[in-house]
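Encoded as structure tokens, the structure appears first; notes follow it.
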Amino acid sequence: MMAAKKIIAICQSGGEFVTNNEDGSLSYTGGNAHAVDIDEKTNVDAFKQELTDTFKFNVDGMAIKHFLPGNKKTLITVSKDKDLQRMVNFFKDSKQVEVFVVAEGVGAPNVSNMPASRTTMSETTLSPATPVDLTNPDSQLVVDAPVDTTPLDILPSSNDDKHRRAATQWENTITGVDQRFNSFTELREALHKYSIAHGFTYKYKKNDSHRVTVKCKSEGCPWRIYASRLVTTQLICIKKMNKNHTCEGAAVKAGYRATRGWVGNIIKEKLKFSPNYKPKDIATDIKREYGIHLNYSQAWRAKEIAREQLQGSYKEAYSQLPSFCEKIMETNPGSLATFATKEDPSFHRLFVSFHASIYGFQQGCRPLLFLDSTVLYAKYQGTLLAAVGVDGNDGVFPIAFAVVDEETDDNWHWFLSELKSAVSTSRSITFVSAFQNGINESLSDIFSKDCYHGYCLRYLGEKLYKDLHGRFSHEARRLLIQDLYAAAYAPKVEDFERCVENIKAISPDAYSWVVRSDPEHWANALFGGARYDHMTTNFGQLFRDWVSDVSEFPITQMVDALRGRMMELNYTRRVDSSQWLTRLTPSLEEKLQDETSKAISLQVLHSYGSTFEVRGEAVDIVDIDNWDCTCKAWQLNGLPCCHAIAVLERLGRSPYDYCSRYFTTESYHLTYSESINPIPPLEKPVIAEVDMEIMVSPPPTKRPPGRPKMKQPDTVDILKRQLQCSKCKGMGHNKKTCEKVNKIDGSDPLLLTGPVVAEEPEVTA
């Protein structure tokens, strides 16, 4: 047995990634480096432990990353053994691999390449296993740069000395006469931090582009600074300074000194790695670490300033849409990226579909698309419309998406028109979407007879539950929804009719509702298309989660972040599937084996030609040549049922030859054979060069104040059995625990005499 080939991992930490503005590639500068031997048998935990011992870091929160072979634009995260083995396989023909050790949460820089992102991406160095003790002068942290970039949660704090961190780092940002700064902005930032560290407020006597004079705000206090520009240079120099304070300084209200811009600068680094950093948590951290009190609105405004510094202006992002769409199609030939404006010319809608997605759908995916929408919570709100496909392993495969000003029938019609242009195919496509007339009419108009429209069963159940609210008990509605699901999944017409009759027995009105709901669009027994047993749009949850993570980004940032997620998904699945040895994909192989095990006990009788009778718990007729079985499972799923497999085994044929081609590993490889390429940073448009005919401004709608509306109950929750009181008819309790019944004339129920009898929980229909 050959020994595993070892490679040398050059592990680096404490430096930073620098982006090359010409080609978008990344380089790593600074920090420390150590060499570690690894091979295919090395596991992640052992690797992390060796890095911990080498760098003297705390293993908690450690993230390991590496570049793709020959691609200095994409960073891959190593989080499990399989990732590490994959990395070793990538570089097995090389002698070494570069590995970067960063703090948990630091994303790959390629995820968003918009111009607002900083060219130099600072890396958070992991905290030592023994925390810095700021009370010990020998271990105090020294900051040479005038701008603090240390994450807020990396050093300890104490309620007894709430200014400890600020005093340690900022008390020497102003040192005295002859201190020089690169700009007045840098001087003002240093003054702000210095005043917080020393606990006083100040005011400007002179503050212009040539000189700055500052004095302590307390009457009679002699502290002051005078600074001006050095002659023939751009440097700013402190010419005079009186360091003496006669005021109480620290007694001044600290919140007065905390401007939105200052707090924004403080939280910017943490917000980069924690996009969901809440205003409440910001206020708590600032109070704990700087002794400054902020209210919620101050913290919220500071977060908005920091977000804009990191991600760029929302308004500017809209103006970049024309060049952004051009960059998408330039870097990803064959892609479709188009936008439309209103007459004013405010933004109306944007459509994006990458060539890799289009090709993958056409070559390897079954003709099945899920249509869904997600509300965006950015400054100008909007809605994201999406079309998601299914790969051969039953995985989510995003095809196209659009950002529109609002969800309307007109916007859905436009999106579907662009979608047809992108995925032009001769196959009849099955669409699954919410119960929505606008989509139904648009599909009929755009795709004509070349499509089938299936209603999402979850939305249908929620609509039925909502329409019947107040007319039946929870238990009755639960049973109605249960029967609706059974009717939808029923493979045969007689089974469907039996489930519908059960609904009629509970409520004739509910029965009428079901009949009017177009069951030919949602019932397996009546539906003409192929849904492959996917009955709800919940299938696209992965993509919705991605959208939720970036929904507050400026529009170009959001689209580029989604592109990054899709790019990494394609790459990861392409690499993973290269190790598959089965003819079918793993999930479908498992399903086929399950059906094969069921076929063992079945009896097969030859009827005539290609028709067979199969006996088990029931009798089913199989027509092998037409891929048909009376149980309907073969037709619905595209995979031979146990009855068909029993016949095939008798004939000595392979069940693999009778599986849908979309389930094969070969089709899966075709689905992910193309790559999504990075988009280089956009240059900020020069005003003189902007073509006014294609100028895009933000839409007039902005995010409304207040909390978003609460989500309606899911049918999964509806199907759960719930208690209902038989006395007050309230939900969630029975009559024994009912406050209305037990509280008689204001008396305490515990004072009532008589034996206490245990009672079973009541559930009434």
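Within each chain, counting starts at residue 1; across the structure tokens, chains are named A, B, ... in the order shown, with ligands numbered 1 upward in that order.
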message: Using only C-alpha atoms, which protein or nucleic acid residues come within 9 Å of Asn502 (chain A)? Drop anything in the same chain fewer than 4 positions from it, and give the result as number ranges by chain.
response: A: 480, 483, 497-498, 506-507, 511
Please dump the current selection as a PDB file, in the first residue's frame; keep C-alpha atoms.
ATOM      1  CA  LEU A 480     -59.400  19.741   6.006  1.00  0.00           C
ATOM      2  CA  ASP A 483     -57.303  15.825   3.400  1.00  0.00           C
ATOM      3  CA  GLU A 497     -62.037  11.614  -5.403  1.00  0.00           C
ATOM      4  CA  ARG A 498     -62.084   9.657  -2.136  1.00  0.00           C
ATOM      5  CA  ILE A 506     -66.600  17.866   6.980  1.00  0.00           C
ATOM      6  CA  SER A 507     -67.868  20.886   5.037  1.00  0.00           C
ATOM      7  CA  TYR A 511     -65.650  20.960  -0.922  1.00  0.00           C
TER       8      TYR A 511
END
Restrict the calculation to only C-alpha atoms, then for each residue of region 522-567 of chain A with any atom at most 9 Å from an atom of region 381-399 of chain A give the closest atom pair and their distance in Å to one decimal, rows by chain and rising residue number, as a Markdown table.
| residue | atom | partner | partner_atom | distance |
| --- | --- | --- | --- | --- |
| A:Phe539 | CA | A:Val396 | CA | 7.1 |
| A:Gly540 | CA | A:Val396 | CA | 6.2 |
| A:Gln541 | CA | A:Val396 | CA | 8.4 |
| A:Leu542 | CA | A:Val396 | CA | 7.0 |
| A:Phe543 | CA | A:Pro398 | CA | 7.2 |
| A:Arg544 | CA | A:Ala386 | CA | 9.0 |
| A:Val547 | CA | A:Leu384 | CA | 8.2 |
| A:Ser551 | CA | A:Gln381 | CA | 8.7 |
| A:Glu552 | CA | A:Gln381 | CA | 8.3 |
| A:Met566 | CA | A:Pro398 | CA | 7.5 |
field: Which residue of A:Thr338, A:Asn332, A:Ser274, A:Gln85 approaches Asp39 (chain A) most closely, using only C-alpha atoms
entry: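 Selected residue with least distance to Asp39 (chain A): A:Gln85.
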query: With only C-alpha atoms as the atoms that count, which of A:Phe415, A:Phe100, A:Phe370, A:Tyr318 lies nearest to Ser353 (chain A)?
result: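 Closest to Ser353 (chain A), using only C-alpha atoms: A:Phe415.
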query: In Å, how far is it from CA of Val403 (chain A) to CA of Leu464 (chain A)?
result: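 Spanning CA of Val403 (chain A) to CA of Leu464 (chain A) is a straight-line distance of 29.6 Å.
Non-sequential neighbours of Ser313 (chain A) (distance at most 8 Å, separation of 4 or more positions within a chain, only C-alpha atoms) are Ala116, Glu308, Gln309, Ala317 and Pro554 of chain A.
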